[in-house]
file run01.cif (mmCIF, C-alpha atoms)
data_work
#
loop_
_atom_site.group_PDB
_atom_site.id
_atom_site.type_symbol
_atom_site.label_atom_id
_atom_site.label_comp_id
_atom_site.auth_asym_id
_atom_site.auth_seq_id
_atom_site.Cartn_x
_atom_site.Cartn_y
_atom_site.Cartn_z
ATOM 1 C CA MET A 1 22.445 19.402 -5.216
ATOM 2 C CA ASN A 2 21.334 22.430 -7.237
ATOM 3 C CA ALA A 3 18.498 22.910 -9.722
ATOM 4 C CA ALA A 4 20.755 22.287 -12.698
ATOM 5 C CA THR A 5 21.625 18.841 -11.315
ATOM 6 C CA LEU A 6 17.947 17.936 -11.002
ATOM 7 C CA ARG A 7 16.829 19.254 -14.376
ATOM 8 C CA GLY A 8 16.096 16.427 -16.778
ATOM 9 C CA ARG A 9 16.120 13.727 -14.114
ATOM 10 C CA ARG A 10 13.324 11.153 -14.499
ATOM 11 C CA ILE A 11 11.121 10.341 -11.505
ATOM 12 C CA THR A 12 8.530 7.565 -11.336
ATOM 13 C CA VAL A 13 5.385 8.434 -9.416
ATOM 14 C CA VAL A 14 3.371 5.494 -8.076
ATOM 15 C CA GLU A 15 -0.231 6.645 -7.722
ATOM 16 C CA VAL A 16 -1.813 5.058 -4.652
ATOM 17 C CA GLY A 17 -5.017 7.102 -4.416
ATOM 18 C CA PRO A 18 -7.473 4.425 -5.585
ATOM 19 C CA ARG A 19 -6.209 2.022 -2.907
ATOM 20 C CA ASP A 20 -4.346 3.723 -0.073
ATOM 21 C CA GLY A 21 -6.333 6.883 -0.632
ATOM 22 C CA LEU A 22 -9.852 5.494 -0.704
ATOM 23 C CA GLN A 23 -9.434 2.707 1.858
ATOM 24 C CA ASN A 24 -9.761 5.133 4.756
ATOM 25 C CA GLU A 25 -12.635 7.228 3.403
ATOM 26 C CA HIS A 26 -15.899 6.991 5.336
ATOM 27 C CA VAL A 27 -18.073 7.691 2.300
ATOM 28 C CA ALA A 28 -18.691 4.574 0.219
ATOM 29 C CA VAL A 29 -17.441 5.288 -3.291
ATOM 30 C CA SER A 30 -19.290 3.381 -6.012
ATOM 31 C CA THR A 31 -17.540 0.869 -8.233
ATOM 32 C CA ALA A 32 -18.366 2.975 -11.279
ATOM 33 C CA ASP A 33 -16.754 6.034 -9.705
ATOM 34 C CA LYS A 34 -13.650 4.077 -8.773
ATOM 35 C CA ILE A 35 -13.350 2.872 -12.352
ATOM 36 C CA GLU A 36 -13.761 6.420 -13.651
ATOM 37 C CA PHE A 37 -11.174 7.656 -11.151
ATOM 38 C CA VAL A 38 -8.613 5.104 -12.331
ATOM 39 C CA ASN A 39 -9.395 5.892 -15.972
ATOM 40 C CA ARG A 40 -8.828 9.594 -15.318
ATOM 41 C CA LEU A 41 -5.514 8.804 -13.643
ATOM 42 C CA THR A 42 -4.638 6.748 -16.707
ATOM 43 C CA ALA A 43 -5.473 9.766 -18.875
ATOM 44 C CA ALA A 44 -3.030 11.768 -16.745
ATOM 45 C CA ASN A 45 -0.354 9.202 -17.709
ATOM 46 C CA LEU A 46 0.581 8.083 -14.205
ATOM 47 C CA PRO A 47 3.142 5.310 -14.875
ATOM 48 C CA ALA A 48 1.914 3.077 -12.026
ATOM 49 C CA ILE A 49 -1.549 3.047 -10.445
ATOM 50 C CA GLU A 50 -2.388 0.982 -7.383
ATOM 51 C CA VAL A 51 -5.981 0.175 -8.269
ATOM 52 C CA SER A 52 -7.212 -1.696 -5.194
ATOM 53 C CA ALA A 53 -6.467 -4.423 -2.667
ATOM 54 C CA PHE A 54 -7.613 -8.024 -2.441
ATOM 55 C CA VAL A 55 -8.178 -7.990 1.290
ATOM 56 C CA SER A 56 -11.041 -9.133 3.485
ATOM 57 C CA PRO A 57 -14.152 -6.947 2.977
ATOM 58 C CA LYS A 58 -14.679 -7.283 6.727
ATOM 59 C CA TRP A 59 -11.565 -5.229 7.419
ATOM 60 C CA VAL A 60 -11.598 -2.873 4.410
ATOM 61 C CA PRO A 61 -15.170 -2.735 3.057
ATOM 62 C CA GLN A 62 -14.321 0.153 0.719
ATOM 63 C CA LEU A 63 -12.202 -2.220 -1.381
ATOM 64 C CA ALA A 64 -14.580 -5.185 -1.495
ATOM 65 C CA ASP A 65 -15.152 -4.578 -5.214
ATOM 66 C CA ALA A 66 -11.486 -4.925 -6.244
ATOM 67 C CA ALA A 67 -12.180 -7.537 -8.920
ATOM 68 C CA ASP A 68 -15.024 -5.495 -10.401
ATOM 69 C CA VAL A 69 -12.864 -2.383 -10.547
ATOM 70 C CA PHE A 70 -10.093 -4.261 -12.350
ATOM 71 C CA ALA A 71 -12.645 -5.692 -14.768
ATOM 72 C CA GLY A 72 -14.015 -2.249 -15.584
ATOM 73 C CA ILE A 73 -10.933 -0.067 -16.030
ATOM 74 C CA SER A 74 -9.443 0.739 -19.423
ATOM 75 C CA ARG A 75 -5.803 -0.277 -19.315
ATOM 76 C CA ARG A 76 -3.199 1.594 -21.323
ATOM 77 C CA PRO A 77 -0.033 -0.212 -22.469
ATOM 78 C CA GLY A 78 3.008 0.895 -20.523
ATOM 79 C CA ILE A 79 1.094 1.699 -17.324
ATOM 80 C CA ARG A 80 1.368 -0.678 -14.376
ATOM 81 C CA TYR A 81 -1.958 -1.480 -12.691
ATOM 82 C CA THR A 82 -1.189 -2.991 -9.306
ATOM 83 C CA ALA A 83 -2.975 -4.399 -6.272
ATOM 84 C CA LEU A 84 -2.127 -4.995 -2.642
ATOM 85 C CA VAL A 85 -2.508 -8.574 -1.404
ATOM 86 C CA PRO A 86 -2.133 -9.849 2.182
ATOM 87 C CA ASN A 87 -1.975 -13.600 1.615
ATOM 88 C CA LEU A 88 -2.226 -16.453 -0.862
ATOM 89 C CA ALA A 89 -6.029 -16.250 -1.032
ATOM 90 C CA GLY A 90 -5.762 -12.583 -1.980
ATOM 91 C CA LEU A 91 -3.173 -13.435 -4.605
ATOM 92 C CA GLU A 92 -5.429 -16.010 -6.220
ATOM 93 C CA ARG A 93 -8.244 -13.447 -6.375
ATOM 94 C CA ALA A 94 -5.831 -10.972 -7.946
ATOM 95 C CA LEU A 95 -4.746 -13.512 -10.542
ATOM 96 C CA GLY A 96 -8.376 -14.155 -11.396
ATOM 97 C CA ALA A 97 -8.841 -10.423 -11.938
ATOM 98 C CA GLY A 98 -5.947 -10.210 -14.382
ATOM 99 C CA VAL A 99 -3.537 -8.348 -12.118
ATOM 100 C CA HIS A 100 0.060 -8.347 -13.371
ATOM 101 C CA GLU A 101 1.827 -6.745 -10.407
ATOM 102 C CA ILE A 102 1.114 -7.031 -6.693
ATOM 103 C CA ALA A 103 2.404 -5.559 -3.466
ATOM 104 C CA VAL A 104 2.863 -7.073 -0.028
ATOM 105 C CA PHE A 105 3.238 -5.078 3.165
ATOM 106 C CA ALA A 106 5.396 -5.639 6.219
ATOM 107 C CA ALA A 107 5.994 -3.520 9.291
ATOM 108 C CA SER A 108 9.208 -2.209 10.759
ATOM 109 C CA THR A 109 7.964 -2.857 14.308
ATOM 110 C CA GLU A 110 6.406 -5.856 16.022
ATOM 111 C CA ALA A 111 3.609 -3.836 17.629
ATOM 112 C CA PHE A 112 2.395 -2.372 14.347
ATOM 113 C CA SER A 113 2.607 -5.748 12.604
ATOM 114 C CA ARG A 114 0.380 -7.332 15.231
ATOM 115 C CA LYS A 115 -2.085 -4.423 15.222
ATOM 116 C CA ASN A 116 -2.231 -4.265 11.433
ATOM 117 C CA ILE A 117 -2.384 -7.928 10.417
ATOM 118 C CA ASN A 118 -2.422 -9.832 13.727
ATOM 119 C CA GLN A 119 0.909 -11.485 12.946
ATOM 120 C CA SER A 120 4.460 -11.075 14.166
ATOM 121 C CA ILE A 121 7.026 -9.833 11.675
ATOM 122 C CA ASP A 122 8.438 -13.332 11.239
ATOM 123 C CA GLN A 123 4.957 -14.772 10.685
ATOM 124 C CA SER A 124 4.133 -12.101 8.123
ATOM 125 C CA LEU A 125 7.335 -12.715 6.182
ATOM 126 C CA ALA A 126 6.633 -16.446 6.162
ATOM 127 C CA THR A 127 3.225 -15.678 4.655
ATOM 128 C CA TYR A 128 4.740 -13.347 2.085
ATOM 129 C CA LYS A 129 7.356 -15.890 1.076
ATOM 130 C CA VAL A 130 4.539 -18.190 -0.025
ATOM 131 C CA VAL A 131 2.843 -15.297 -1.828
ATOM 132 C CA CYS A 132 6.045 -14.159 -3.536
ATOM 133 C CA ASP A 133 7.038 -17.670 -4.588
ATOM 134 C CA ARG A 134 3.628 -18.228 -6.177
ATOM 135 C CA ALA A 135 3.531 -14.791 -7.816
ATOM 136 C CA LEU A 136 7.009 -15.041 -9.270
ATOM 137 C CA THR A 137 6.281 -18.543 -10.572
ATOM 138 C CA VAL A 138 3.362 -17.234 -12.647
ATOM 139 C CA GLY A 139 5.253 -14.172 -13.855
ATOM 140 C CA LEU A 140 3.963 -11.422 -11.544
ATOM 141 C CA ARG A 141 6.246 -8.740 -10.224
ATOM 142 C CA VAL A 142 6.047 -8.114 -6.477
ATOM 143 C CA ARG A 143 6.594 -4.815 -4.718
ATOM 144 C CA GLY A 144 7.121 -4.557 -0.968
ATOM 145 C CA TYR A 145 5.864 -1.888 1.415
ATOM 146 C CA LEU A 146 7.746 -1.357 4.648
ATOM 147 C CA SER A 147 5.462 0.553 7.000
ATOM 148 C CA THR A 148 6.324 2.600 10.112
ATOM 149 C CA ALA A 149 9.871 3.067 8.846
ATOM 150 C CA PHE A 150 10.208 6.529 10.382
ATOM 151 C CA GLY A 151 8.178 6.051 13.534
ATOM 152 C CA CYS A 152 5.557 3.755 15.020
ATOM 153 C CA PRO A 153 2.342 4.862 16.769
ATOM 154 C CA TYR A 154 2.861 2.089 19.337
ATOM 155 C CA GLU A 155 6.639 1.779 19.761
ATOM 156 C CA GLY A 156 7.830 5.292 18.968
ATOM 157 C CA ASP A 157 11.240 5.777 17.366
ATOM 158 C CA VAL A 158 12.479 3.200 14.863
ATOM 159 C CA ALA A 159 16.218 2.697 14.414
ATOM 160 C CA PRO A 160 17.459 3.161 10.825
ATOM 161 C CA ARG A 161 19.352 -0.117 11.116
ATOM 162 C CA GLN A 162 16.067 -1.882 11.847
ATOM 163 C CA VAL A 163 14.589 -0.362 8.684
ATOM 164 C CA ALA A 164 17.578 -1.508 6.636
ATOM 165 C CA ASP A 165 17.320 -5.026 8.057
ATOM 166 C CA MET A 166 13.638 -5.282 7.212
ATOM 167 C CA ALA A 167 14.129 -3.871 3.728
ATOM 168 C CA ALA A 168 16.815 -6.480 3.091
ATOM 169 C CA ARG A 169 14.500 -9.248 4.324
ATOM 170 C CA LEU A 170 11.778 -8.111 1.917
ATOM 171 C CA LEU A 171 14.216 -8.077 -1.001
ATOM 172 C CA ALA A 172 15.286 -11.586 -0.075
ATOM 173 C CA LEU A 173 11.687 -12.696 -0.724
ATOM 174 C CA GLY A 174 12.029 -11.605 -4.350
ATOM 175 C CA VAL A 175 10.379 -8.179 -4.351
ATOM 176 C CA PHE A 176 11.801 -5.843 -6.983
ATOM 177 C CA GLU A 177 11.399 -2.695 -4.893
ATOM 178 C CA VAL A 178 10.807 -1.690 -1.279
ATOM 179 C CA ALA A 179 8.662 1.362 -0.566
ATOM 180 C CA ILE A 180 9.987 2.714 2.717
ATOM 181 C CA SER A 181 6.905 4.247 4.250
ATOM 182 C CA ASP A 182 6.221 7.053 6.707
ATOM 183 C CA THR A 183 2.903 5.591 7.816
ATOM 184 C CA ILE A 184 2.101 8.200 10.459
ATOM 185 C CA GLY A 185 3.616 11.227 8.743
ATOM 186 C CA ILE A 186 6.272 11.827 11.369
ATOM 187 C CA ALA A 187 9.356 11.982 9.145
ATOM 188 C CA HIS A 188 11.360 15.174 8.715
ATOM 189 C CA PRO A 189 14.175 15.838 6.220
ATOM 190 C CA GLY A 190 16.967 15.165 8.702
ATOM 191 C CA GLN A 191 15.479 11.806 9.556
ATOM 192 C CA VAL A 192 14.980 10.949 5.885
ATOM 193 C CA MET A 193 18.671 11.530 5.278
ATOM 194 C CA GLN A 194 19.644 9.367 8.254
ATOM 195 C CA VAL A 195 17.434 6.481 7.166
ATOM 196 C CA LEU A 196 18.606 6.643 3.549
ATOM 197 C CA GLU A 197 22.269 6.754 4.560
ATOM 198 C CA THR A 198 21.778 3.523 6.506
ATOM 199 C CA VAL A 199 19.491 1.724 4.067
ATOM 200 C CA LEU A 200 21.584 2.559 1.010
ATOM 201 C CA GLY A 201 24.588 1.064 2.734
ATOM 202 C CA ARG A 202 22.931 -2.310 2.144
ATOM 203 C CA ILE A 203 20.456 -1.887 -0.711
ATOM 204 C CA PRO A 204 20.882 -0.364 -4.194
ATOM 205 C CA VAL A 205 19.042 2.919 -4.616
ATOM 206 C CA GLU A 206 17.299 1.482 -7.683
ATOM 207 C CA GLN A 207 15.374 -0.877 -5.394
ATOM 208 C CA ILE A 208 14.161 1.821 -3.007
ATOM 209 C CA ALA A 209 10.995 3.922 -3.197
ATOM 210 C CA LEU A 210 9.648 6.357 -0.629
ATOM 211 C CA HIS A 211 6.076 6.667 0.621
ATOM 212 C CA PHE A 212 5.354 9.801 2.645
ATOM 213 C CA HIS A 213 2.289 11.010 4.495
ATOM 214 C CA ASP A 214 1.800 14.703 5.137
ATOM 215 C CA THR A 215 0.537 14.663 8.722
ATOM 216 C CA ARG A 216 3.041 17.312 9.798
ATOM 217 C CA GLY A 217 3.330 19.102 6.474
ATOM 218 C CA THR A 218 6.816 17.785 5.683
ATOM 219 C CA ALA A 219 6.123 15.399 2.780
ATOM 220 C CA LEU A 220 7.428 17.661 -0.008
ATOM 221 C CA ALA A 221 10.449 18.646 2.074
ATOM 222 C CA ASN A 222 11.162 14.966 2.592
ATOM 223 C CA VAL A 223 11.108 14.373 -1.158
ATOM 224 C CA LEU A 224 13.606 17.196 -1.621
ATOM 225 C CA ALA A 225 15.819 15.643 1.044
ATOM 226 C CA ALA A 226 15.727 12.292 -0.761
ATOM 227 C CA LEU A 227 16.464 13.506 -4.290
ATOM 228 C CA PRO A 228 20.227 14.045 -3.739
ATOM 229 C CA PHE A 229 20.524 10.382 -2.728
ATOM 230 C CA GLY A 230 19.353 9.331 -6.192
ATOM 231 C CA VAL A 231 15.914 8.024 -5.188
ATOM 232 C CA THR A 232 13.783 7.988 -8.330
ATOM 233 C CA THR A 233 10.454 6.498 -7.186
ATOM 234 C CA PHE A 234 7.921 8.155 -4.914
ATOM 235 C CA ASP A 235 4.401 7.132 -3.942
ATOM 236 C CA ALA A 236 1.692 9.780 -3.943
ATOM 237 C CA SER A 237 -2.076 10.027 -3.831
ATOM 238 C CA ALA A 238 -4.261 12.230 -6.041
ATOM 239 C CA GLY A 239 -5.539 15.178 -4.046
ATOM 240 C CA GLY A 240 -3.726 13.922 -0.945
ATOM 241 C CA LEU A 241 -6.331 11.237 -0.299
ATOM 242 C CA GLY A 242 -5.688 8.670 2.350
ATOM 243 C CA GLY A 243 -4.334 7.679 5.691
ATOM 244 C CA CYS A 244 -3.810 4.382 7.417
ATOM 245 C CA PRO A 245 -6.816 2.987 9.342
ATOM 246 C CA TYR A 246 -4.409 1.265 11.744
ATOM 247 C CA ALA A 247 -2.323 4.384 12.429
ATOM 248 C CA PRO A 248 -4.251 6.796 14.685
ATOM 249 C CA GLY A 249 -3.890 10.405 13.561
ATOM 250 C CA ALA A 250 -2.335 9.628 10.192
ATOM 251 C CA ALA A 251 -3.335 12.263 7.665
ATOM 252 C CA GLY A 252 -3.428 11.977 3.911
ATOM 253 C CA ASN A 253 -0.647 10.801 1.692
ATOM 254 C CA LEU A 254 1.714 13.104 -0.126
ATOM 255 C CA ALA A 255 -0.538 14.703 -2.751
ATOM 256 C CA THR A 256 0.345 13.714 -6.305
ATOM 257 C CA ASP A 257 -0.804 17.156 -7.486
ATOM 258 C CA ASP A 258 1.591 18.955 -5.132
ATOM 259 C CA LEU A 259 4.443 16.589 -5.988
ATOM 260 C CA ILE A 260 4.052 16.988 -9.751
ATOM 261 C CA TYR A 261 3.778 20.773 -9.429
ATOM 262 C CA MET A 262 7.030 20.869 -7.454
ATOM 263 C CA LEU A 263 8.875 18.467 -9.755
ATOM 264 C CA ASN A 264 7.721 20.382 -12.828
ATOM 265 C CA GLY A 265 9.153 23.545 -11.304
ATOM 266 C CA LEU A 266 12.474 21.796 -10.767
ATOM 267 C CA GLY A 267 12.606 20.598 -14.354
ATOM 268 C CA VAL A 268 12.271 16.969 -13.262
ATOM 269 C CA GLU A 269 10.527 14.743 -15.785
ATOM 270 C CA THR A 270 7.603 12.536 -14.742
ATOM 271 C CA GLY A 271 5.509 12.250 -17.921
ATOM 272 C CA VAL A 272 2.412 13.105 -15.863
ATOM 273 C CA SER A 273 -0.094 15.655 -17.138
ATOM 274 C CA LEU A 274 -0.839 18.013 -14.245
ATOM 275 C CA PRO A 275 -4.059 19.395 -15.832
ATOM 276 C CA ALA A 276 -5.425 15.868 -16.351
ATOM 277 C CA LEU A 277 -4.360 14.881 -12.850
ATOM 278 C CA SER A 278 -6.196 17.915 -11.466
ATOM 279 C CA GLU A 279 -9.328 16.760 -13.278
ATOM 280 C CA ALA A 280 -9.008 13.315 -11.687
ATOM 281 C CA SER A 281 -8.595 14.862 -8.233
ATOM 282 C CA ALA A 282 -11.580 17.162 -8.759
ATOM 283 C CA PHE A 283 -13.673 14.205 -9.893
ATOM 284 C CA ILE A 284 -13.027 12.105 -6.798
ATOM 285 C CA ALA A 285 -13.378 15.121 -4.498
ATOM 286 C CA GLN A 286 -17.004 15.459 -5.602
ATOM 287 C CA ARG A 287 -17.661 11.912 -4.356
ATOM 288 C CA LEU A 288 -16.396 12.568 -0.821
ATOM 289 C CA ASP A 289 -17.647 14.468 2.227
ATOM 290 C CA HIS A 290 -14.627 16.750 2.617
ATOM 291 C CA ARG A 291 -12.318 18.811 0.484
ATOM 292 C CA LEU A 292 -9.008 17.371 -0.612
ATOM 293 C CA PRO A 293 -5.955 18.285 1.480
ATOM 294 C CA SER A 294 -3.749 18.928 -1.567
ATOM 295 C CA ARG A 295 -2.669 22.572 -1.591
ATOM 296 C CA TYR A 296 -2.528 22.545 -5.382
ATOM 297 C CA ALA A 297 -6.029 21.052 -5.643
ATOM 298 C CA GLN A 298 -7.335 23.688 -3.240
ATOM 299 C CA ALA A 299 -5.709 26.472 -5.251
ATOM 300 C CA ILE A 300 -7.212 25.198 -8.490
ATOM 301 C CA ALA A 301 -10.657 24.877 -6.881
ATOM 302 C CA SER A 302 -10.387 28.401 -5.445
ATOM 303 C CA ALA A 303 -9.407 29.847 -8.813
ATOM 304 C CA ALA A 304 -12.427 28.133 -10.349
ATOM 305 C CA GLY A 305 -14.705 29.619 -7.692
ATOM 306 C CA GLN A 306 -15.309 26.291 -5.941
ATOM 307 C CA THR A 307 -15.163 25.550 -2.222
#

call {"tool": "encode", "arguments": {"input": "run01.cif", "output": "structure tokens"}}
result
Amino acid sequence: MNAATLRGRRITVVEVGPRDGLQNEHVAVSTADKIEFVNRLTAANLPAIEVSAFVSPKWVPQLADAADVFAGISRRPGIRYTALVPNLAGLERALGAGVHEIAVFAASTEAFSRKNINQSIDQSLATYKVVCDRALTVGLRVRGYLSTAFGCPYEGDVAPRQVADMAARLLALGVFEVAISDTIGIAHPGQVMQVLETVLGRIPVEQIALHFHDTRGTALANVLAALPFGVTTFDASAGGLGGCPYAPGAAGNLATDDLIYMLNGLGVETGVSLPALSEASAFIAQRLDHRLPSRYAQAIASAAGQT
């Protein structure tokens, strides 16, 4: 695939910074700052923003204010404001907060499933069937995450066929899309191609998204490897925020700033304002105890004389 083939293609970027990004930060970010962060991402015209998660505050205290954040944000028509939910109780809280789209999360390996949610894969899918049935009944769309699809911190290599099987099982629950996720940032372009070749043998490309972490610096290369397969949805996190608390050593997500910069250079359309996105990243960076890993964010800060 050459640049001319990519030019004019439309890519959907799912912004996961407010949830997947902030959930692993040690500094407690105030509710007001989370609301402002989401509003700034809205101003950047991100088409989908994962605002928070309705999970137990005991396990993810950073997201204990999910309902308050949803109540405070300014929603723009045409933008999807989503939340992660682990069970039926979380779904009911999300419904009470006016959430219109949710996500559930399953693992590609038994060991990670038990470490992450203390359930086997089969048990987790039974739970999510109840969640999906309820959500679909009341008109909510459901997205599915499939974690450790490129490698597991406990089991090691994951067979592409296993990923395809799990993706198919999630779709059978009624999810509209499966985000195949590189939870520990181990994927490389060759592996991405192998997994996609297998998965797309069973699942339409329109129902596949990709979620990369940048632990080994390969996230952008992995996106480039996926584009020729026709994948049109990628998750990313403003400034490169994030990492999984149940995946030792996992670095930040693919930075939305870096992704948009690259896609703009390729002539790929996203509808996202990079200057406004940079402002959102700079805003949240000031609320943390470290600089953002995004190379683009660092370059902008350096040019502005910041550290």

call {"tool": "resolve_selection", "arguments": {"input": "run01.cif", "expression": "the PyMOL selection byres ((chain A and resi 117-133) around 9)", "output": "PyMOL selection string"}}
result
chain A and resi 85-89+91+104-116+134-138+140-142+169-170+173-175

call {"tool": "atom_distance", "arguments": {"input": "run01.cif", "atom1": "CA of Ile102 in chain A", "atom2": "CA of Gln162 in chain A"}}
result
24.4 Å

call {"tool": "closest_atom_pairs", "arguments": {"input": "run01.cif", "of": "range 202-301 of chain A", "to": "range 37-56 of chain A", "cutoff": "8 Å", "atoms": "all atoms listed in the file", "output": "JSON lines"}}
result
{"residue": "A:Gly271", "atom": "CA", "partner": "A:Asn45", "partner_atom": "CA", "distance": 6.6}
{"residue": "A:Val272", "atom": "CA", "partner": "A:Asn45", "partner_atom": "CA", "distance": 5.1}
{"residue": "A:Ser273", "atom": "CA", "partner": "A:Ala44", "partner_atom": "CA", "distance": 4.9}
{"residue": "A:Leu274", "atom": "CA", "partner": "A:Ala44", "partner_atom": "CA", "distance": 7.1}
{"residue": "A:Pro275", "atom": "CA", "partner": "A:Ala44", "partner_atom": "CA", "distance": 7.8}
{"residue": "A:Ala276", "atom": "CA", "partner": "A:Ala44", "partner_atom": "CA", "distance": 4.8}
{"residue": "A:Leu277", "atom": "CA", "partner": "A:Ala44", "partner_atom": "CA", "distance": 5.2}
{"residue": "A:Glu279", "atom": "CA", "partner": "A:Arg40", "partner_atom": "CA", "distance": 7.5}
{"residue": "A:Ala280", "atom": "CA", "partner": "A:Arg40", "partner_atom": "CA", "distance": 5.2}
{"residue": "A:Phe283", "atom": "CA", "partner": "A:Phe37", "partner_atom": "CA", "distance": 7.1}
{"residue": "A:Ile284", "atom": "CA", "partner": "A:Phe37", "partner_atom": "CA", "distance": 6.5}

call {"tool": "closest_residue", "arguments": {"input": "run01.cif", "among": "A:Glu177, A:Ala94, A:Gly185, A:Glu15", "to": "Ala149 in chain A", "atoms": "only C-alpha atoms"}}
result
A:Gly185

call {"tool": "resolve_selection", "arguments": {"input": "run01.cif", "expression": "the PyMOL selection byres ((chain A and resi 160) around 9)", "output": "PyMOL selection string"}}
result
chain A and resi 149-150+158-159+161-165+191+194-199

call {"tool": "residues_around", "arguments": {"input": "run01.cif", "residues": "Ala255 in chain A", "least_positions_apart": "4", "cutoff": "6 Å", "atoms": "only C-alpha atoms", "output": "list in words"}}
result
Ala236, Ser237, Ala238, Gly239, Gly240 and Ser294 of chain A

call {"tool": "resolve_selection", "arguments": {"input": "run01.cif", "expression": "the PyMOL selection byres ((chain A and resi 145) around 6)", "output": "JSON, numbers by chain"}}
result
{"A": [105, 144, 146, 178, 179]}

call {"tool": "closest_residue", "arguments": {"input": "run01.cif", "among": "A:Lys58, A:Arg80, A:Arg287, A:Arg216", "to": "Thr12 in chain A", "atoms": "only C-alpha atoms"}}
result
A:Arg80

call {"tool": "closest_residue", "arguments": {"input": "run01.cif", "among": "A:Ala301, A:Ile203, A:Ile180, A:Leu288", "to": "His26 in chain A", "atoms": "all atoms listed in the file"}}
result
A:Leu288

call {"tool": "atom_distance", "arguments": {"input": "run01.cif", "atom1": "CA of His290 in chain A", "atom2": "CA of Ala83 in chain A"}}
result
25.7 Å

call {"tool": "closest_residue", "arguments": {"input": "run01.cif", "among": "A:His188, A:Leu200, A:Gly252, A:Gly230", "to": "Thr215 in chain A", "atoms": "only C-alpha atoms"}}
result
A:Gly252

call {"tool": "atom_distance", "arguments": {"input": "run01.cif", "atom1": "CA of Leu95 in chain A", "atom2": "CA of Phe176 in chain A"}}
result
18.6 Å

call {"tool": "residues_near_point", "arguments": {"input": "run01.cif", "point": "(13.2, 9.4, -9.5)", "cutoff": "12 Å", "atoms": "only C-alpha atoms", "output": "NGL selection string"}}
result
:A and (6-14 or 205-210 or 223-224 or 226-235 or 259-260 or 263 or 268-271)

call {"tool": "residues_around", "arguments": {"input": "run01.cif", "residues": "Thr148 in chain A", "least_positions_apart": "4", "cutoff": "6 Å", "atoms": "all atoms listed in the file", "output": "VMD selection string"}}
result
chain A and resid 108 152 182 to 183

call {"tool": "residues_around", "arguments": {"input": "run01.cif", "residues": "Asp68 in chain A", "least_positions_apart": "3", "cutoff": "9 Å", "atoms": "all atoms listed in the file", "output": "list in words"}}
result
Thr31, Ile35, Ala64, Asp65, Ala71, Gly72, Ile73 and Ala97 of chain A

call {"tool": "axis_aligned_box", "arguments": {"input": "run01.cif", "around": "range 152-157 of chain A", "padding_each_side": "5 Å", "output": "AutoDock Vina command-line options"}}
result
--center_x 6.8 --center_y 3.8 --center_z 17.4 --size_x 18.9 --size_y 14.0 --size_z 14.7

call {"tool": "closest_residue", "arguments": {"input": "run01.cif", "among": "A:Ser281, A:Gln286, A:Thr218, A:Ser147", "to": "Leu241 in chain A", "atoms": "all atoms listed in the file"}}
result
A:Ser281
